[in-house]
Every structure is written in C-alpha cells, then in structure tokens.
>>> print(open('entry-v8.pdb').read())   # PDB, C-alpha atoms
ATOM      1  CA  MET A   1      45.004 -75.379   4.192
ATOM      2  CA  SER A   2      41.808 -74.270   2.453
ATOM      3  CA  TYR A   3      40.195 -76.291  -0.319
ATOM      4  CA  VAL A   4      41.165 -73.637  -2.819
ATOM      5  CA  ASP A   5      44.818 -73.724  -1.661
ATOM      6  CA  ALA A   6      44.985 -77.462  -2.277
ATOM      7  CA  GLU A   7      43.246 -77.166  -5.633
ATOM      8  CA  ILE A   8      45.611 -74.431  -6.795
ATOM      9  CA  ALA A   9      48.585 -76.618  -5.868
ATOM     10  CA  SER A  10      47.183 -79.601  -7.799
ATOM     11  CA  GLN A  11      47.127 -77.834 -11.164
ATOM     12  CA  PRO A  12      50.404 -79.205 -12.596
ATOM     13  CA  ASP A  13      49.141 -82.785 -12.275
ATOM     14  CA  CYS A  14      45.709 -81.852 -13.612
ATOM     15  CA  TRP A  15      47.244 -80.213 -16.679
ATOM     16  CA  ARG A  16      49.310 -83.318 -17.451
ATOM     17  CA  GLU A  17      46.189 -85.457 -17.200
ATOM     18  CA  ALA A  18      44.380 -83.032 -19.507
ATOM     19  CA  ALA A  19      47.108 -83.442 -22.123
ATOM     20  CA  ARG A  20      46.650 -87.204 -22.032
ATOM     21  CA  LEU A  21      42.882 -86.832 -22.337
ATOM     22  CA  ALA A  22      43.185 -84.452 -25.281
ATOM     23  CA  ALA A  23      44.807 -87.201 -27.320
ATOM     24  CA  THR A  24      41.718 -89.414 -26.951
ATOM     25  CA  ALA A  25      39.051 -86.679 -27.214
ATOM     26  CA  THR A  26      40.044 -85.323 -30.636
ATOM     27  CA  GLU A  27      36.803 -86.292 -32.376
ATOM     28  CA  HIS A  28      34.805 -84.120 -29.964
ATOM     29  CA  LEU A  29      37.035 -81.032 -30.201
ATOM     30  CA  PRO A  30      37.218 -78.349 -32.903
ATOM     31  CA  ARG A  31      38.857 -79.408 -36.163
ATOM     32  CA  PRO A  32      41.204 -77.095 -38.077
ATOM     33  CA  GLY A  33      39.192 -74.781 -40.275
ATOM     34  CA  GLU A  34      35.944 -75.064 -38.350
ATOM     35  CA  ARG A  35      34.159 -71.886 -37.332
ATOM     36  CA  VAL A  36      33.790 -72.281 -33.584
ATOM     37  CA  ALA A  37      32.073 -70.517 -30.696
ATOM     38  CA  VAL A  38      33.141 -71.169 -27.099
ATOM     39  CA  VAL A  39      30.777 -70.303 -24.248
ATOM     40  CA  GLY A  40      30.817 -70.225 -20.477
ATOM     41  CA  CYS A  41      29.899 -68.130 -17.465
ATOM     42  CA  GLY A  42      32.255 -66.260 -15.168
ATOM     43  CA  THR A  43      35.600 -68.025 -14.984
ATOM     44  CA  SER A  44      34.631 -70.413 -17.781
ATOM     45  CA  TRP A  45      33.876 -67.459 -20.055
ATOM     46  CA  PHE A  46      37.362 -66.065 -19.430
ATOM     47  CA  MET A  47      38.900 -69.430 -20.354
ATOM     48  CA  ALA A  48      36.769 -69.364 -23.510
ATOM     49  CA  MET A  49      38.185 -65.920 -24.321
ATOM     50  CA  ALA A  50      41.747 -67.161 -23.897
ATOM     51  CA  TYR A  51      41.206 -70.256 -26.045
ATOM     52  CA  ALA A  52      39.360 -68.378 -28.785
ATOM     53  CA  ALA A  53      42.182 -65.877 -29.215
ATOM     54  CA  ARG A  54      44.847 -68.570 -29.078
ATOM     55  CA  ARG A  55      43.064 -70.794 -31.615
ATOM     56  CA  GLU A  56      42.695 -67.952 -34.090
ATOM     57  CA  HIS A  57      46.316 -66.916 -33.613
ATOM     58  CA  ALA A  58      47.341 -70.517 -34.316
ATOM     59  CA  GLY A  59      45.546 -70.343 -37.674
ATOM     60  CA  GLN A  60      43.033 -73.033 -36.696
ATOM     61  CA  GLY A  61      39.955 -71.076 -37.731
ATOM     62  CA  GLU A  62      37.581 -68.296 -36.789
ATOM     63  CA  THR A  63      36.783 -68.574 -33.067
ATOM     64  CA  ASP A  64      34.483 -66.456 -30.912
ATOM     65  CA  ALA A  65      33.879 -66.462 -27.163
ATOM     66  CA  PHE A  66      30.596 -65.551 -25.486
ATOM     67  CA  GLN A  67      28.931 -65.519 -22.131
ATOM     68  CA  ALA A  68      26.407 -68.311 -22.474
ATOM     69  CA  SER A  69      23.549 -65.871 -21.885
ATOM     70  CA  GLU A  70      24.752 -63.647 -24.740
ATOM     71  CA  PHE A  71      25.284 -66.262 -27.452
ATOM     72  CA  PRO A  72      23.970 -64.987 -30.823
ATOM     73  CA  VAL A  73      21.640 -67.845 -31.678
ATOM     74  CA  ALA A  74      21.080 -66.637 -35.245
ATOM     75  CA  ARG A  75      24.797 -66.832 -36.063
ATOM     76  CA  ARG A  76      26.052 -69.980 -37.750
ATOM     77  CA  TYR A  77      28.975 -72.008 -36.440
ATOM     78  CA  ASP A  78      30.382 -75.423 -37.238
ATOM     79  CA  ARG A  79      30.654 -76.248 -33.534
ATOM     80  CA  VAL A  80      29.872 -74.769 -30.125
ATOM     81  CA  VAL A  81      32.070 -75.707 -27.163
ATOM     82  CA  ALA A  82      30.718 -75.084 -23.663
ATOM     83  CA  ILE A  83      32.872 -74.994 -20.542
ATOM     84  CA  THR A  84      31.082 -75.645 -17.254
ATOM     85  CA  ARG A  85      32.498 -77.050 -14.026
ATOM     86  CA  SER A  86      29.223 -78.121 -12.440
ATOM     87  CA  GLY A  87      27.224 -78.829 -15.580
ATOM     88  CA  THR A  88      24.225 -77.279 -13.823
ATOM     89  CA  THR A  89      24.612 -73.579 -14.672
ATOM     90  CA  THR A  90      21.264 -72.471 -16.041
ATOM     91  CA  GLU A  91      22.528 -70.282 -18.886
ATOM     92  CA  VAL A  92      24.758 -73.083 -20.204
ATOM     93  CA  THR A  93      22.203 -75.895 -19.968
ATOM     94  CA  ASP A  94      19.486 -73.733 -21.538
ATOM     95  CA  LEU A  95      21.774 -72.816 -24.436
ATOM     96  CA  LEU A  96      22.871 -76.398 -25.069
ATOM     97  CA  ALA A  97      19.266 -77.561 -24.999
ATOM     98  CA  GLY A  98      18.282 -74.834 -27.434
ATOM     99  CA  LEU A  99      21.065 -75.726 -29.850
ATOM    100  CA  ARG A 100      20.317 -79.445 -29.876
ATOM    101  CA  GLY A 101      19.699 -80.533 -33.456
ATOM    102  CA  VAL A 102      20.706 -77.063 -34.697
ATOM    103  CA  LEU A 103      24.487 -76.925 -34.147
ATOM    104  CA  PRO A 104      26.954 -79.611 -32.991
ATOM    105  CA  THR A 105      27.866 -79.016 -29.343
ATOM    106  CA  THR A 106      30.602 -80.285 -27.039
ATOM    107  CA  VAL A 107      30.689 -79.719 -23.290
ATOM    108  CA  LEU A 108      33.822 -79.752 -21.130
ATOM    109  CA  VAL A 109      32.488 -80.579 -17.679
ATOM    110  CA  GLY A 110      33.673 -81.537 -14.213
ATOM    111  CA  ASP A 111      30.658 -83.690 -13.303
ATOM    112  CA  PRO A 112      29.952 -86.330 -15.987
ATOM    113  CA  THR A 113      26.512 -87.045 -14.474
ATOM    114  CA  SER A 114      25.290 -83.445 -14.681
ATOM    115  CA  PRO A 115      22.390 -82.058 -16.767
ATOM    116  CA  ALA A 116      24.736 -80.451 -19.321
ATOM    117  CA  VAL A 117      25.891 -83.904 -20.402
ATOM    118  CA  GLU A 118      22.325 -84.875 -21.255
ATOM    119  CA  VAL A 119      21.749 -81.920 -23.591
ATOM    120  CA  ALA A 120      25.162 -81.712 -25.318
ATOM    121  CA  ASP A 121      25.965 -83.775 -28.406
ATOM    122  CA  ALA A 122      29.395 -84.745 -27.058
ATOM    123  CA  THR A 123      31.100 -84.620 -23.675
ATOM    124  CA  VAL A 124      34.716 -84.331 -22.584
ATOM    125  CA  PRO A 125      34.570 -85.126 -18.846
ATOM    126  CA  LEU A 126      37.217 -83.712 -16.493
ATOM    127  CA  PRO A 127      36.204 -85.243 -13.124
ATOM    128  CA  PHE A 128      39.839 -85.328 -11.969
ATOM    129  CA  ALA A 129      39.826 -81.513 -12.075
ATOM    130  CA  ASP A 130      36.469 -80.994 -10.362
ATOM    131  CA  GLU A 131      36.598 -78.913  -7.203
ATOM    132  CA  ARG A 132      35.103 -78.698  -3.765
ATOM    133  CA  SER A 133      35.711 -74.968  -3.483
ATOM    134  CA  VAL A 134      33.305 -72.281  -4.627
ATOM    135  CA  VAL A 135      36.142 -70.197  -6.069
ATOM    136  CA  GLN A 136      37.086 -71.948  -9.291
ATOM    137  CA  THR A 137      40.755 -72.483 -10.129
ATOM    138  CA  ARG A 138      41.956 -75.865 -11.356
ATOM    139  CA  PHE A 139      38.909 -76.937 -13.369
ATOM    140  CA  ALA A 140      39.024 -73.834 -15.529
ATOM    141  CA  THR A 141      42.749 -73.953 -16.160
ATOM    142  CA  THR A 142      42.601 -77.694 -16.812
ATOM    143  CA  ALA A 143      39.920 -77.146 -19.462
ATOM    144  CA  LEU A 144      42.171 -74.541 -21.063
ATOM    145  CA  ALA A 145      45.171 -76.885 -20.821
ATOM    146  CA  LEU A 146      43.177 -79.571 -22.655
ATOM    147  CA  LEU A 147      42.196 -77.144 -25.390
ATOM    148  CA  ARG A 148      45.768 -75.886 -25.681
ATOM    149  CA  ALA A 149      47.030 -79.468 -25.926
ATOM    150  CA  HIS A 150      44.591 -80.003 -28.783
ATOM    151  CA  LEU A 151      46.135 -76.967 -30.507
ATOM    152  CA  GLY A 152      49.574 -78.580 -30.193
ATOM    153  CA  ASP A 153      50.937 -76.557 -27.262
ATOM    154  CA  ASN A 154      53.592 -78.220 -25.108
ATOM    155  CA  ILE A 155      51.681 -79.042 -21.929
ATOM    156  CA  GLY A 156      54.669 -80.867 -20.456
ATOM    157  CA  ALA A 157      56.630 -77.621 -20.434
ATOM    158  CA  LEU A 158      53.564 -75.718 -19.230
ATOM    159  CA  SER A 159      53.132 -78.139 -16.313
ATOM    160  CA  ALA A 160      56.786 -77.748 -15.392
ATOM    161  CA  ASP A 161      56.255 -73.988 -15.246
ATOM    162  CA  ALA A 162      53.209 -74.597 -13.070
ATOM    163  CA  GLU A 163      55.360 -76.604 -10.636
ATOM    164  CA  VAL A 164      57.508 -73.500 -10.240
ATOM    165  CA  ALA A 165      54.500 -71.230  -9.789
ATOM    166  CA  VAL A 166      52.900 -73.259  -6.991
ATOM    167  CA  ARG A 167      56.117 -73.051  -4.933
ATOM    168  CA  ALA A 168      57.691 -69.708  -5.819
ATOM    169  CA  PRO A 169      57.415 -66.725  -3.473
ATOM    170  CA  LEU A 170      54.793 -64.211  -4.470
ATOM    171  CA  PRO A 171      56.238 -61.331  -6.510
ATOM    172  CA  ILE A 172      54.903 -58.751  -4.072
ATOM    173  CA  ASP A 173      53.570 -58.620  -0.521
ATOM    174  CA  PRO A 174      49.765 -58.336  -0.769
ATOM    175  CA  ALA A 175      49.654 -56.491   2.544
ATOM    176  CA  ARG A 176      51.311 -53.527   0.806
ATOM    177  CA  ILE A 177      48.669 -53.291  -1.949
ATOM    178  CA  GLU A 178      45.227 -51.679  -1.814
ATOM    179  CA  GLN A 179      44.214 -52.263  -5.455
ATOM    180  CA  VAL A 180      45.363 -54.328  -8.444
ATOM    181  CA  THR A 181      44.828 -54.046 -12.196
ATOM    182  CA  PHE A 182      45.623 -57.030 -14.420
ATOM    183  CA  LEU A 183      46.552 -56.584 -18.075
ATOM    184  CA  GLY A 184      46.874 -58.958 -21.023
ATOM    185  CA  ARG A 185      47.367 -59.042 -24.777
ATOM    186  CA  GLY A 186      45.788 -61.448 -27.231
ATOM    187  CA  TRP A 187      44.920 -64.686 -25.508
ATOM    188  CA  THR A 188      46.149 -63.447 -22.120
ATOM    189  CA  VAL A 189      43.372 -60.833 -21.896
ATOM    190  CA  GLY A 190      41.161 -63.700 -20.704
ATOM    191  CA  LEU A 191      43.758 -64.616 -18.072
ATOM    192  CA  ALA A 192      43.843 -61.009 -16.861
ATOM    193  CA  HIS A 193      40.071 -60.991 -16.437
ATOM    194  CA  GLU A 194      40.253 -64.283 -14.562
ATOM    195  CA  ALA A 195      42.984 -63.036 -12.216
ATOM    196  CA  ALA A 196      40.894 -59.982 -11.341
ATOM    197  CA  LEU A 197      37.837 -62.140 -10.729
ATOM    198  CA  LYS A 198      39.802 -64.330  -8.309
ATOM    199  CA  CYS A 199      40.721 -61.251  -6.255
ATOM    200  CA  ARG A 200      37.111 -60.104  -6.162
ATOM    201  CA  GLU A 201      35.706 -63.549  -5.333
ATOM    202  CA  ALA A 202      38.227 -64.810  -2.798
ATOM    203  CA  ALA A 203      39.044 -61.528  -1.065
ATOM    204  CA  THR A 204      36.383 -58.929  -2.018
ATOM    205  CA  PHE A 205      39.413 -56.973  -3.230
ATOM    206  CA  TRP A 206      39.318 -54.054  -5.684
ATOM    207  CA  ALA A 207      40.619 -55.591  -8.900
ATOM    208  CA  GLU A 208      40.211 -54.583 -12.538
ATOM    209  CA  ALA A 209      41.348 -56.031 -15.877
ATOM    210  CA  TYR A 210      41.962 -54.554 -19.333
ATOM    211  CA  PRO A 211      43.730 -55.254 -22.613
ATOM    212  CA  ALA A 212      47.238 -53.913 -22.079
ATOM    213  CA  MET A 213      47.116 -51.621 -25.111
ATOM    214  CA  ASP A 214      43.917 -50.020 -23.819
ATOM    215  CA  TYR A 215      45.203 -49.421 -20.293
ATOM    216  CA  ARG A 216      46.629 -45.989 -21.083
ATOM    217  CA  HIS A 217      43.282 -44.923 -22.579
ATOM    218  CA  GLY A 218      41.871 -44.049 -19.163
ATOM    219  CA  PRO A 219      42.334 -46.868 -16.625
ATOM    220  CA  ILE A 220      45.911 -45.800 -15.807
ATOM    221  CA  SER A 221      44.373 -42.784 -14.081
ATOM    222  CA  ILE A 222      43.804 -44.842 -10.910
ATOM    223  CA  ALA A 223      47.435 -46.067 -10.734
ATOM    224  CA  ALA A 224      49.203 -44.692  -7.668
ATOM    225  CA  PRO A 225      51.591 -45.644  -4.861
ATOM    226  CA  GLY A 226      50.185 -48.597  -2.944
ATOM    227  CA  ARG A 227      48.473 -49.972  -6.052
ATOM    228  CA  LEU A 228      49.630 -52.705  -8.395
ATOM    229  CA  VAL A 229      49.633 -53.309 -12.150
ATOM    230  CA  TRP A 230      50.218 -56.974 -13.092
ATOM    231  CA  ALA A 231      50.713 -57.874 -16.761
ATOM    232  CA  PHE A 232      50.449 -61.255 -18.496
ATOM    233  CA  GLY A 233      52.199 -62.038 -21.759
ATOM    234  CA  ASP A 234      53.848 -59.549 -24.090
ATOM    235  CA  LEU A 235      54.171 -55.925 -22.999
ATOM    236  CA  PRO A 236      53.388 -52.879 -25.126
ATOM    237  CA  ASP A 237      56.404 -50.642 -25.576
ATOM    238  CA  GLY A 238      56.736 -48.044 -22.845
ATOM    239  CA  LEU A 239      54.042 -49.487 -20.574
ATOM    240  CA  ALA A 240      56.382 -50.367 -17.706
ATOM    241  CA  GLU A 241      57.868 -46.884 -17.765
ATOM    242  CA  ASP A 242      54.439 -45.251 -17.792
ATOM    243  CA  VAL A 243      53.322 -47.323 -14.812
ATOM    244  CA  ALA A 244      56.560 -46.501 -12.968
ATOM    245  CA  ALA A 245      55.833 -42.803 -13.419
ATOM    246  CA  THR A 246      52.576 -43.216 -11.466
ATOM    247  CA  GLY A 247      54.325 -44.712  -8.448
ATOM    248  CA  ALA A 248      52.344 -47.956  -8.716
ATOM    249  CA  ALA A 249      54.053 -51.315  -8.348
ATOM    250  CA  PHE A 250      54.470 -53.306 -11.552
ATOM    251  CA  VAL A 251      54.679 -57.070 -11.954
ATOM    252  CA  HIS A 252      55.393 -58.753 -15.252
ATOM    253  CA  SER A 253      56.253 -62.417 -15.087
ATOM    254  CA  ARG A 254      56.876 -62.877 -18.788
ATOM    255  CA  THR A 255      60.084 -60.908 -19.238
ATOM    256  CA  HIS A 256      62.499 -62.013 -16.550
ATOM    257  CA  GLY A 257      60.722 -63.631 -13.700
ATOM    258  CA  CYS A 258      58.663 -60.991 -11.935
ATOM    259  CA  ARG A 259      59.731 -57.409 -11.587
ATOM    260  CA  SER A 260      58.320 -54.456  -9.763
ATOM    261  CA  VAL A 261      59.142 -50.787  -9.681
ATOM    262  CA  ILE A 262      59.427 -51.199  -5.898
ATOM    263  CA  GLY A 263      61.860 -54.069  -6.107
ATOM    264  CA  ASN A 264      63.163 -57.003  -8.118
ATOM    265  CA  TRP A 265      62.052 -60.590  -7.584
ATOM    266  CA  ALA A 266      63.638 -63.752  -8.988
ATOM    267  CA  ALA A 267      65.830 -61.826 -11.400
ATOM    268  CA  GLY A 268      67.159 -64.016 -14.156
ATOM    269  CA  ARG A 269      64.521 -66.728 -13.727
ATOM    270  CA  THR A 270      63.356 -68.407 -16.921
ATOM    271  CA  PRO A 271      60.065 -66.779 -18.001
ATOM    272  CA  LEU A 272      56.940 -68.714 -17.125
ATOM    273  CA  ASP A 273      54.047 -69.409 -19.445
ATOM    274  CA  PRO A 274      51.241 -66.894 -18.703
ATOM    275  CA  MET A 275      49.004 -69.719 -17.467
ATOM    276  CA  ALA A 276      51.602 -70.476 -14.812
ATOM    277  CA  ASP A 277      51.654 -66.767 -13.989
ATOM    278  CA  LEU A 278      47.906 -67.093 -13.411
ATOM    279  CA  ILE A 279      48.685 -69.563 -10.622
ATOM    280  CA  LEU A 280      50.730 -66.844  -8.929
ATOM    281  CA  ALA A 281      47.767 -64.495  -9.275
ATOM    282  CA  GLN A 282      45.439 -67.129  -7.786
ATOM    283  CA  ARG A 283      47.789 -67.493  -4.840
ATOM    284  CA  PHE A 284      47.982 -63.708  -4.525
ATOM    285  CA  ALA A 285      44.174 -63.554  -4.268
ATOM    286  CA  VAL A 286      44.024 -66.238  -1.574
ATOM    287  CA  THR A 287      46.793 -64.515   0.378
ATOM    288  CA  VAL A 288      44.925 -61.204   0.157
ATOM    289  CA  ALA A 289      41.907 -62.980   1.658
ATOM    290  CA  ALA A 290      44.053 -64.237   4.535
ATOM    291  CA  THR A 291      45.462 -60.764   5.223
ATOM    292  CA  ARG A 292      41.902 -59.444   5.418
ATOM    293  CA  GLY A 293      40.736 -62.198   7.758
ATOM    294  CA  LEU A 294      38.485 -63.782   5.129
ATOM    295  CA  ASP A 295      37.853 -67.436   4.344
ATOM    296  CA  PRO A 296      38.417 -68.015   0.598
ATOM    297  CA  ASP A 297      36.344 -71.198   0.844
ATOM    298  CA  ALA A 298      33.311 -69.135   1.903
ATOM    299  CA  PRO A 299      33.183 -66.189  -0.518
ATOM    300  CA  ARG A 300      30.504 -63.583   0.071
ATOM    301  CA  HIS A 301      27.227 -63.914  -1.889
ATOM    302  CA  LEU A 302      28.553 -66.786  -4.034
ATOM    303  CA  SER A 303      27.603 -70.426  -4.571
ATOM    304  CA  ARG A 304      29.363 -73.163  -6.482
ATOM    305  CA  SER A 305      26.881 -73.008  -9.368
ATOM    306  CA  VAL A 306      24.288 -70.463 -10.449
ATOM    307  CA  VAL A 307      20.981 -72.268 -10.937
ATOM    308  CA  LEU A 308      18.147 -69.883 -11.767
ATOM    309  CA  ALA A 309      14.499 -70.516 -11.016
TER     310      ALA A 309
END
>>> encode(input="entry-v8.pdb", output="structure tokens")
Amino acid sequence: MSYVDAEIASQPDCWREAARLAATATEHLPRPGERVAVVGCGTSWFMAMAYAARREHAGQGETDAFQASEFPVARRYDRVVAITRSGTTTEVTDLLAGLRGVLPTTVLVGDPTSPAVEVADATVPLPFADERSVVQTRFATTALALLRAHLGDNIGALSADAEVAVRAPLPIDPARIEQVTFLGRGWTVGLAHEAALKCREAATFWAEAYPAMDYRHGPISIAAPGRLVWAFGDLPDGLAEDVAATGAAFVHSRTHGCRSVIGNWAAGRTPLDPMADLILAQRFAVTVAATRGLDPDAPRHLSRSVVLA
C-alpha cells in the first residue's frame, strides 16, 4: 500500500479528531459576522474555496478565497485564515509575514514547528493529519472538516459517510476512461477542482473542473464515449441528460449512490456528503496511477512543499 492509500483511508478518524479540535479552537477561528479571507496554494486553495462558499451560504459573513500569491493586500478584512500543510510554502509565509500587525491571521498547519507558525498571530495545529505523501489528501480535507465543524456541520455523520467511501467499490472502472471532468455547485466547486488536481498529480491524467452551471458553456464539447463527467453536490436540471447525449459516462454520488450512463452502481444507497464523494475521487486518481504503471507516492515534477529561492 502506498503512503497516499493509507492516508486516504485514515480520513474518517482524522475528521472526527478535527471536530473535537474545533470545539477548543473557537477563539482562533472566524466569528459570525466577520469579513474573512481564506488563502492557500494548490489543494489548500481549493479547500479555501469550498469553505468560503459554505460559510457565506451559512450566513456567517462575507468570505473570500484566494491563492496566497494573489491576495489583494489593499483590501480590508477582519481576519485572514491560511491553510498550509507544511507551513513552509513561500507564498503563504511571505503573506503572513506581510500581514503581521496589519490584519489578524490564523494558520491551519500540519507541522506546528514550521515557519508559518512564527509569522501568524494564531495557530490551529493539525499534526495528526500531516502526511508523508507528496500528493495531499487527508490534511486538506481535515482542515475543511475542522472549519465545517466550526460552522455547525455534523462531522459525525460526515465521518460515517467517509467510512463508506473508503471501502465502497469505485463507481466506474478507471481503465475504461481516458479523460475526466469534475463539476460542482456552490461550495463543491472547490471539491471539483481538488478532484481534478488529484488526477493530474497522482496519475498525470487529463482532468478538468468547472462550475456545473458553466459546463454547457463550452467544456461539454470534449465529452465523448470513453470520457467521464463526475459531479459533486446538487445537479443543474437537464445536465445528466445532456451528458448522456454525448456518450460520456456520468457519475453523480449525491442523488442515489453513484450512477453512470454506462451502468448503475450502488442503486438505492443513501447519498454521501460531497466530501465523502471526494474520497472516492481520490481513490479513483490513485487507481488510475496504478493502471498506468505510475507510483502515486512519486509524482512527476512535484515536491511536498514549494519553497522558492
């Protein structure tokens, strides 16, 4: 078993631990009504996107998500939350250092001894979710689980869904697929981007991601037999039928288990939370790597943290 396989499987326990931690970290996390920015790089940025949309939808306050390198430093916020597994990513540490004494900052970090801790005003350490693998899975989702717990989401139920997702059969055989497009709506747009990134990182596989409502404004043109469209969360009316007309496979875990225009899987299963669906997508990516003879623990051109000279 690869490191990333083991880390994917450990997510239910990590999410439960995150829920417990959220109860003690309240003073360092966004308060209702605060105007908040959430920053990260790569996977962490996609988790920031998901949290920002979910927090706004919950009526907790205006929330924006940015790549750390693109943060608008002239814009005023009540708090900036940074997500970084290693705590060494240059763009994140530079931003936190630049904001010191200007805006209150909190960092969610895997390594509590890292440089990001020294430059942030407050730290929520998640060492139990830190990872050995280059391809990030459990740290990112655990950070999101903590933030969702702080919003009042039921992480016990979410973790139970995750237990299903780490054991369930994949909704489709990756060997039959040459390309995948992930779709989301609202907070699940971030999950769609993350799923696509996992396919690119772990398997150098052609994967794209879009808001589901925007998919028919061009991207659907590449849908075809042998390709896959995988949707998280609520579906726009008519989308499944439009994908079916292209001959592409379609997976949507939110409606009734997973379904595909080339077959039905787990019909009648209780719908999983989209974060649990992301576990299935992570497993799909690792399986694609195996079918291509690749080692997901040694992704091409990647390192565990980007530290710039």
>>> resolve_selection(input="entry-v8.pdb", expression="the PyMOL selection byres ((chain A and resi 230) around 6)", output="short mmCIF file (atom, residue, chain, number, x, y, z; two decimals) with C-alpha atoms, in the frame of the given file")
data_model
loop_
_atom_site.label_atom_id
_atom_site.label_comp_id
_atom_site.auth_asym_id
_atom_site.auth_seq_id
_atom_site.Cartn_x
_atom_site.Cartn_y
_atom_site.Cartn_z
CA PHE A 182 45.62 -57.03 -14.42
CA VAL A 229 49.63 -53.31 -12.15
CA ALA A 231 50.71 -57.87 -16.76
CA PHE A 250 54.47 -53.31 -11.55
CA VAL A 251 54.68 -57.07 -11.95
CA HIS A 252 55.39 -58.75 -15.25
#
>>> resolve_selection(input="entry-v8.pdb", expression="the PyMOL selection byres ((chain A and resi 48-57) around 10)", output="PyMOL selection string")
chain A and resi 30+32-33+35-47+58-67+81-83+140+143-145+147-148+150-151+185-194
>>> resolve_selection(input="entry-v8.pdb", expression="the PyMOL selection byres ((chain A and resi 279-292) around 7)", output="PDB file with C-alpha atoms, in the frame of the given file")
ATOM      1  CA  ILE A   8      45.611 -74.431  -6.795  1.00  0.00           C
ATOM      2  CA  ALA A 165      54.500 -71.230  -9.789  1.00  0.00           C
ATOM      3  CA  VAL A 166      52.900 -73.259  -6.991  1.00  0.00           C
ATOM      4  CA  LEU A 170      54.793 -64.211  -4.470  1.00  0.00           C
ATOM      5  CA  PRO A 174      49.765 -58.336  -0.769  1.00  0.00           C
ATOM      6  CA  ALA A 175      49.654 -56.491   2.544  1.00  0.00           C
ATOM      7  CA  ALA A 195      42.984 -63.036 -12.216  1.00  0.00           C
ATOM      8  CA  LYS A 198      39.802 -64.330  -8.309  1.00  0.00           C
ATOM      9  CA  CYS A 199      40.721 -61.251  -6.255  1.00  0.00           C
ATOM     10  CA  ALA A 202      38.227 -64.810  -2.798  1.00  0.00           C
ATOM     11  CA  ALA A 203      39.044 -61.528  -1.065  1.00  0.00           C
ATOM     12  CA  MET A 275      49.004 -69.719 -17.467  1.00  0.00           C
ATOM     13  CA  ALA A 276      51.602 -70.476 -14.812  1.00  0.00           C
ATOM     14  CA  ASP A 277      51.654 -66.767 -13.989  1.00  0.00           C
ATOM     15  CA  LEU A 278      47.906 -67.093 -13.411  1.00  0.00           C
ATOM     16  CA  GLY A 293      40.736 -62.198   7.758  1.00  0.00           C
ATOM     17  CA  LEU A 294      38.485 -63.782   5.129  1.00  0.00           C
ATOM     18  CA  ASP A 295      37.853 -67.436   4.344  1.00  0.00           C
ATOM     19  CA  PRO A 296      38.417 -68.015   0.598  1.00  0.00           C
TER      20      PRO A 296
END
>>> residues_near_point(input="entry-v8.pdb", point="(57.2, -76.6, -7.4)", cutoff="12 Å", atoms="all atoms listed in the file", output="ChimeraX atom specification")
/A:8-13,159-169,276,279-280
>>> atom_distance(input="entry-v8.pdb", atom1="CA of Asn154 (chain A)", atom2="CA of Ala19 (chain A)")
8.8 Å
>>> atom_distance(input="entry-v8.pdb", atom1="CA of Leu235 (chain A)", atom2="CA of Gln179 (chain A)")
20.5 Å
>>> residues_around(input="entry-v8.pdb", residues="His28 (chain A)", least_positions_apart="2", cutoff="8 Å", atoms="all atoms listed in the file", output="list in words")
Ala25, Thr26, Pro30, Thr106, Ala122, Thr123 and Val124 of chain A
>>> atom_distance(input="entry-v8.pdb", atom1="CA of Ala6 (chain A)", atom2="CA of Ala298 (chain A)")
14.9 Å
>>> axis_aligned_box(input="entry-v8.pdb", around="region 289-295 of chain A", padding_each_side="4 Å", output="AutoDock Vina command-line options")
--center_x 41.7 --center_y -63.4 --center_z 4.7 --size_x 15.6 --size_y 16.0 --size_z 14.1
>>> closest_residue(input="entry-v8.pdb", among="A:Gly87, A:Arg16, A:Val135, A:Gly101", to="Ser114 (chain A)", atoms="only C-alpha atoms")
A:Gly87
>>> residues_near_point(input="entry-v8.pdb", point="(25.2, -82.5, -26.2)", cutoff="9 Å", atoms="only C-alpha atoms", output="ChimeraX atom specification")
/A:96-97,99-100,104-107,116-123
>>> residues_around(input="entry-v8.pdb", residues="Met213 (chain A)", least_positions_apart="6", cutoff="10 Å", atoms="only C-alpha atoms", output="ChimeraX atom specification")
/A:183-185,235-237,239
>>> closest_residue(input="entry-v8.pdb", among="A:Ala240, A:His217, A:Ser86, A:Asp173", to="Ser133 (chain A)", atoms="all atoms listed in the file")
A:Ser86
>>> build_atoms(input="entry-v8.pdb", residues="region 64-75 of chain A", atoms="N, CA and C atoms", output="compact mmCIF listing (two decimals), in the coordinates of the input")
# COMPACT_ATOMS: atom_id res chain seq x y z
N ASP A 64 35.08 -67.50 -31.74
CA ASP A 64 34.48 -66.46 -30.91
C ASP A 64 34.21 -67.00 -29.52
N ALA A 65 34.21 -66.10 -28.54
CA ALA A 65 33.88 -66.46 -27.16
C ALA A 65 32.72 -65.61 -26.69
N PHE A 66 31.78 -66.25 -25.97
CA PHE A 66 30.60 -65.55 -25.49
C PHE A 66 30.25 -66.01 -24.08
N GLN A 67 29.69 -65.09 -23.30
CA GLN A 67 28.93 -65.52 -22.13
C GLN A 67 27.76 -66.35 -22.66
N ALA A 68 27.46 -67.43 -21.97
CA ALA A 68 26.41 -68.31 -22.47
C ALA A 68 25.09 -67.57 -22.66
N SER A 69 24.81 -66.61 -21.79
CA SER A 69 23.55 -65.87 -21.88
C SER A 69 23.51 -64.93 -23.07
N GLU A 70 24.67 -64.62 -23.66
CA GLU A 70 24.75 -63.65 -24.74
C GLU A 70 25.08 -64.29 -26.09
N PHE A 71 24.97 -65.59 -26.20
CA PHE A 71 25.28 -66.26 -27.45
C PHE A 71 24.32 -65.82 -28.55
N PRO A 72 24.84 -65.43 -29.72
CA PRO A 72 23.97 -64.99 -30.82
C PRO A 72 23.38 -66.20 -31.56
N VAL A 73 22.20 -66.58 -31.20
CA VAL A 73 21.64 -67.84 -31.68
C VAL A 73 21.39 -67.85 -33.19
N ALA A 74 21.32 -66.69 -33.80
CA ALA A 74 21.08 -66.64 -35.24
C ALA A 74 22.38 -66.78 -36.04
N ARG A 75 23.52 -66.74 -35.36
CA ARG A 75 24.80 -66.83 -36.06
C ARG A 75 25.17 -68.30 -36.28
